[in-house]
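Read the structure below first, then the notes.
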Amino acid sequence: MLTPDLQRPPLSRAVAWREVGLAVVVLWSVLGGACFFLGAQSIYDRWGTSLNATLVLDVVFLIGCLAVIGFVFWRQRRQGEGIVELGWGRPVRMPVIVIAVVYGLAWVAMSYARGGNPLAWSWQRPIMMGVGVILAFGEEIAVRGLILDRLERCGTGRLVQIVTTGAVMGVYHGVVGHHVWPSYMISSFVLFGLLSVLYMYGRRSLTPPIIAHAMTHFLGDPTLMRGILYGVALAG
């Protein structure tokens with residue numbers, strides 16, 4: 001049986017990059033502008049860095065990611081497709097899953113290295129654990145899914161695919177409140193670029209990057225999300 005990729009026609013560079021550009025506009029506007037820039041700053045100004053503030057910020061990102069998910073389904077529906085064609089449910093070798101889990105755990109460890117107690121439990125935490133899975137799913141089907149799918153179908157080289165997705169996510173993750181943190185951009189470029197490598201190594205299955213990304217929120221929140229508010233505080 002042919003895989004969805006083998007059954008689908010290639011795209012011209014103009015069409016593919018237009019789709020990528022549209023996705024970038026949505027990601028930068030919704031997650032970058034509305035969530036990181038406006039949302040984080042306004043929440044910090046009102047509630048500071050409290051756990052309740054972190055939960056509110058998480059809900060803001062949830063709304064943003066639901067909008068991103070809706071966008072991806074809309075673009076796929078226009079082509080008569082769904083998210084299966086983007087790698088959802090595609091078979092993947094067990095060693096790749098193991099790498100994804102190890103990568104996710106390492107990411108979580110880095111989050112706690114900046115502070116926070118992984119054993120701390122509050123009523124906000126289980127809510128944020130569930131929300132975090134949705135956040136990871138939304139970003140992954142948009143970036144590792146839609147963007148990498150369009151680039152692959154127009155014959156773009158793998159290195160360009162990795163650099164492009166790393167840069168797209170690095171830019172908006174470097175916006176913290178009304179400030180820009182180049183160090184956040186660089187670290188996010190590396191972290192999310194490696195997720196694209198994992199996606200390709202996993203034969204373009206969304207399962208490995210979603211596992212790794214979801215683990216960072218499932219095991220790392222509220223500390224991970226709270227770090228955004230700390231970033232706003234440090235910027236003054």
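Just so we're on the same page: first chain in the structure tokens is A, next is B, and so on; residues restart at 1 for each chain, and ligands are numbered from 1 in the order they show up.
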
(Q) List as a PyMOL selection string the protein and nucleic acid residues near A:Val56, meaning an atom at most 12 Å away when only C-alpha atoms are counted, but skip any in the same chain fewer than 3 places from it. (A) chain A and resi 35+39-40+42-44+46-53+59-63+124+127-128+131+222+225-226+229

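The shell of residues at most 8 Å from A:Val72, with only C-alpha atoms counted and near chain neighbours (fewer than 4 positions) removed, consists of Val68, Gln76, Ile141, Ala142 and Leu146 of chain A.
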
Q: Give me the residues within 7 Å of stretch 93-99 of chain A as a list in words, counting only C-alpha atoms and dropping any in the same chain fewer than 4 places off.
A: Tyr103, Gly202 and Pro208 of chain A

Let me see the file: selected residues, C-alpha atoms, as a JSON list (two decimals), in the first residue's frame.
[["chain", "number", "residue", "atom", "x", "y", "z"],
["A", 103, "TYR", "CA", 14.95, 14.32, 24.08],
["A", 202, "GLY", "CA", 11.22, 9.21, 11.98],
["A", 208, "PRO", "CA", 8.16, 11.53, 17.64]]

Non-local contacts of A:Ile134 (12 Å; only C-alpha atoms; under 2 positions in same chain excluded) as a compact mmCIF listing (two decimals) with N, CA, C and O atoms, in the first residue's frame:
# COMPACT_ATOMS: atom_id res chain seq x y z
N ASP A 58 -1.48 30.19 30.12
CA ASP A 58 -1.64 28.89 29.47
C ASP A 58 -2.95 28.85 28.68
O ASP A 58 -2.99 28.32 27.56
N VAL A 59 -4.01 29.41 29.25
CA VAL A 59 -5.30 29.44 28.57
C VAL A 59 -5.22 30.33 27.32
O VAL A 59 -5.80 30.01 26.27
N PHE A 61 -2.56 30.79 25.50
CA PHE A 61 -1.87 30.00 24.48
C PHE A 61 -2.76 28.88 23.95
O PHE A 61 -2.66 28.50 22.78
N LEU A 62 -3.63 28.34 24.79
CA LEU A 62 -4.56 27.31 24.34
C LEU A 62 -5.47 27.87 23.25
O LEU A 62 -5.67 27.24 22.20
N ILE A 63 -6.01 29.06 23.49
CA ILE A 63 -6.88 29.69 22.49
C ILE A 63 -6.10 29.93 21.20
O ILE A 63 -6.59 29.68 20.09
N GLY A 64 -4.86 30.40 21.35
CA GLY A 64 -4.04 30.64 20.17
C GLY A 64 -3.76 29.37 19.39
O GLY A 64 -3.85 29.35 18.16
N CYS A 65 -3.44 28.29 20.10
CA CYS A 65 -3.13 27.03 19.41
C CYS A 65 -4.38 26.41 18.78
O CYS A 65 -4.28 25.75 17.74
N LEU A 66 -5.53 26.60 19.40
CA LEU A 66 -6.77 26.12 18.78
C LEU A 66 -7.01 26.85 17.46
O LEU A 66 -7.48 26.25 16.48
N ALA A 67 -6.67 28.14 17.42
CA ALA A 67 -6.79 28.89 16.18
C ALA A 67 -5.81 28.35 15.13
O ALA A 67 -6.16 28.23 13.95
N VAL A 68 -4.61 28.02 15.56
CA VAL A 68 -3.62 27.46 14.64
C VAL A 68 -4.08 26.10 14.12
O VAL A 68 -3.95 25.80 12.93
N ILE A 69 -4.62 25.27 15.00
CA ILE A 69 -5.14 23.97 14.58
C ILE A 69 -6.25 24.14 13.56
O ILE A 69 -6.30 23.43 12.54
N ILE A 127 -4.27 20.75 35.22
CA ILE A 127 -4.95 21.45 34.13
C ILE A 127 -3.94 21.80 33.06
O ILE A 127 -4.16 21.58 31.85
N MET A 128 -2.78 22.35 33.48
CA MET A 128 -1.77 22.76 32.53
C MET A 128 -1.11 21.58 31.84
O MET A 128 -0.66 21.69 30.70
N MET A 129 -1.06 20.44 32.50
CA MET A 129 -0.52 19.23 31.87
C MET A 129 -1.36 18.84 30.66
O MET A 129 -0.84 18.51 29.59
N GLY A 130 -2.69 18.88 30.84
CA GLY A 130 -3.58 18.55 29.73
C GLY A 130 -3.54 19.58 28.62
O GLY A 130 -3.49 19.24 27.43
N VAL A 131 -3.54 20.85 29.02
CA VAL A 131 -3.48 21.92 28.03
C VAL A 131 -2.18 21.85 27.23
O VAL A 131 -2.15 22.06 26.02
N GLY A 132 -1.09 21.50 27.92
CA GLY A 132 0.21 21.44 27.27
C GLY A 132 0.26 20.47 26.11
O GLY A 132 0.95 20.70 25.11
N ALA A 136 1.35 21.50 22.26
CA ALA A 136 2.36 20.80 21.48
C ALA A 136 1.77 20.30 20.16
O ALA A 136 2.39 20.44 19.10
N PHE A 137 0.58 19.74 20.22
CA PHE A 137 -0.08 19.22 19.02
C PHE A 137 -0.29 20.35 18.01
O PHE A 137 -0.01 20.19 16.82
N GLY A 138 -0.76 21.51 18.48
CA GLY A 138 -1.04 22.61 17.58
C GLY A 138 0.19 23.11 16.86
O GLY A 138 0.18 23.31 15.63
N GLU A 139 1.28 23.31 17.61
CA GLU A 139 2.51 23.79 16.97
C GLU A 139 3.09 22.74 16.03
O GLU A 139 3.62 23.08 14.96
N GLU A 140 3.02 21.48 16.42
CA GLU A 140 3.65 20.44 15.61
C GLU A 140 2.92 20.19 14.29
O GLU A 140 3.56 20.01 13.26
N ILE A 141 1.59 20.19 14.30
CA ILE A 141 0.92 19.95 13.01
C ILE A 141 1.07 21.15 12.08
O ILE A 141 1.00 21.02 10.86
N ILE A 210 5.83 15.18 18.39
CA ILE A 210 4.73 15.50 19.30
C ILE A 210 5.01 14.92 20.69
O ILE A 210 4.76 15.57 21.71
N ILE A 211 5.55 13.70 20.75
CA ILE A 211 5.89 13.10 22.04
C ILE A 211 6.91 13.96 22.77
O ILE A 211 6.73 14.31 23.95
N HIS A 213 7.78 17.13 22.30
CA HIS A 213 7.26 18.47 22.60
C HIS A 213 6.23 18.42 23.71
O HIS A 213 6.24 19.25 24.63
N ALA A 214 5.33 17.45 23.65
CA ALA A 214 4.28 17.34 24.67
C ALA A 214 4.87 17.04 26.04
O ALA A 214 4.37 17.51 27.07
N MET A 215 5.93 16.26 26.08
CA MET A 215 6.56 15.93 27.36
C MET A 215 7.08 17.17 28.07
O MET A 215 7.04 17.25 29.30
N HIS A 217 5.80 20.08 28.18
CA HIS A 217 4.70 20.74 28.86
C HIS A 217 4.08 19.83 29.92
O HIS A 217 3.76 20.29 31.03
N PHE A 218 3.90 18.57 29.58
CA PHE A 218 3.23 17.64 30.49
C PHE A 218 4.02 17.48 31.79
O PHE A 218 3.45 17.42 32.88

Q: For A:Val232, work out the shell of residues within 7 Å, counting only C-alpha atoms and skipping chain neighbours fewer than 4 positions away, then give it as a ChimeraX atom specification.
A: /A:41,176-177,228,236

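Put simply, atom CA of A:Met169 is 11.8 Å away from atom CA of A:Leu194.
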
**Q.** Who sits within 12 Å of A:Val25, only C-alpha atoms, same chain under 3 positions skipped, as a PyMOL selection string
**A.** chain A and resi 18-22+28-33+68+71+142+147+168-169+171-172

Q | Backbone-only DSSP, strand (DSSP E or B) members of stretch 51-235 of chain A, as a ChimeraX atom specification | A | /A:175-176,179-180

Serialized selection, all heavy atoms, as a PDB file, in the first residue's frame:
ATOM      1  N   VAL A 175      10.215  36.443  21.503  1.00  0.00           N
ATOM      2  CA  VAL A 175       9.445  37.627  21.899  1.00  0.00           C
ATOM      3  C   VAL A 175       8.805  37.334  23.255  1.00  0.00           C
ATOM      4  O   VAL A 175       7.959  36.453  23.369  1.00  0.00           O
ATOM      5  CB  VAL A 175       8.353  37.957  20.864  1.00  0.00           C
ATOM      6  CG1 VAL A 175       7.529  39.147  21.323  1.00  0.00           C
ATOM      7  CG2 VAL A 175       8.980  38.235  19.503  1.00  0.00           C
ATOM      8  N   VAL A 176       9.233  38.055  24.278  1.00  0.00           N
ATOM      9  CA  VAL A 176       8.717  37.831  25.628  1.00  0.00           C
ATOM     10  C   VAL A 176       8.158  39.145  26.144  1.00  0.00           C
ATOM     11  O   VAL A 176       8.912  40.060  26.509  1.00  0.00           O
ATOM     12  CB  VAL A 176       9.827  37.322  26.570  1.00  0.00           C
ATOM     13  CG1 VAL A 176       9.250  37.041  27.953  1.00  0.00           C
ATOM     14  CG2 VAL A 176      10.476  36.069  26.000  1.00  0.00           C
ATOM     15  N   HIS A 179       9.395  42.750  24.758  1.00  0.00           N
ATOM     16  CA  HIS A 179      10.840  42.700  24.633  1.00  0.00           C
ATOM     17  C   HIS A 179      11.241  41.529  23.741  1.00  0.00           C
ATOM     18  O   HIS A 179      10.500  40.565  23.594  1.00  0.00           O
ATOM     19  CB  HIS A 179      11.504  42.547  26.007  1.00  0.00           C
ATOM     20  CG  HIS A 179      11.108  43.601  26.993  1.00  0.00           C
ATOM     21  ND1 HIS A 179      11.724  44.826  27.061  1.00  0.00           N
ATOM     22  CD2 HIS A 179      10.141  43.613  27.941  1.00  0.00           C
ATOM     23  CE1 HIS A 179      11.166  45.557  28.007  1.00  0.00           C
ATOM     24  NE2 HIS A 179      10.187  44.841  28.558  1.00  0.00           N
ATOM     25  N   VAL A 180      12.436  41.648  23.176  1.00  0.00           N
ATOM     26  CA  VAL A 180      12.980  40.585  22.336  1.00  0.00           C
ATOM     27  C   VAL A 180      14.260  40.062  22.993  1.00  0.00           C
ATOM     28  O   VAL A 180      15.155  40.844  23.341  1.00  0.00           O
ATOM     29  CB  VAL A 180      13.297  41.099  20.916  1.00  0.00           C
ATOM     30  CG1 VAL A 180      13.990  40.007  20.104  1.00  0.00           C
ATOM     31  CG2 VAL A 180      12.030  41.558  20.216  1.00  0.00           C
TER      32      VAL A 180
END

Q) DSSP says alpha helix (DSSP H) for which residues of stretch 39-182 of chain A? Put them as a PyMOL selection string? A) chain A and resi 40-47+51-78+94-113+124-140+148-153+158-173+182

Q: For A:Gly116, work out the shell of residues within 10 Å, counting only C-alpha atoms and skipping chain neighbours fewer than 4 positions away, then give it as JSON, numbers by chain.
A: {"A": [111, 112, 120, 220, 221, 222, 223, 224, 226, 227]}

Q | Counting only C-alpha atoms, the option among A:Arg75, A:Arg158, A:His173, A:Arg8 closest to A:Tyr201 | A | A:Arg158

Give me, as a Markdown table, the closest atom pair and its distance (Å, one decimal) for every residue of stretch 16-124 of chain A within a cut-off of 9 Å of stretch 148-152 of chain A, counting only C-alpha atoms, rows sorted by chain and rising number.
| residue | atom | partner | partner_atom | distance |
| --- | --- | --- | --- | --- |
| A:Ala16 | CA | A:Arg150 | CA | 5.0 |
| A:Trp17 | CA | A:Leu151 | CA | 7.2 |
| A:Glu19 | CA | A:Arg150 | CA | 7.1 |
| A:Val20 | CA | A:Arg150 | CA | 6.9 |
| A:Glu85 | CA | A:Asp149 | CA | 8.5 |
| A:Leu86 | CA | A:Asp149 | CA | 6.3 |
| A:Gly87 | CA | A:Asp149 | CA | 8.7 |
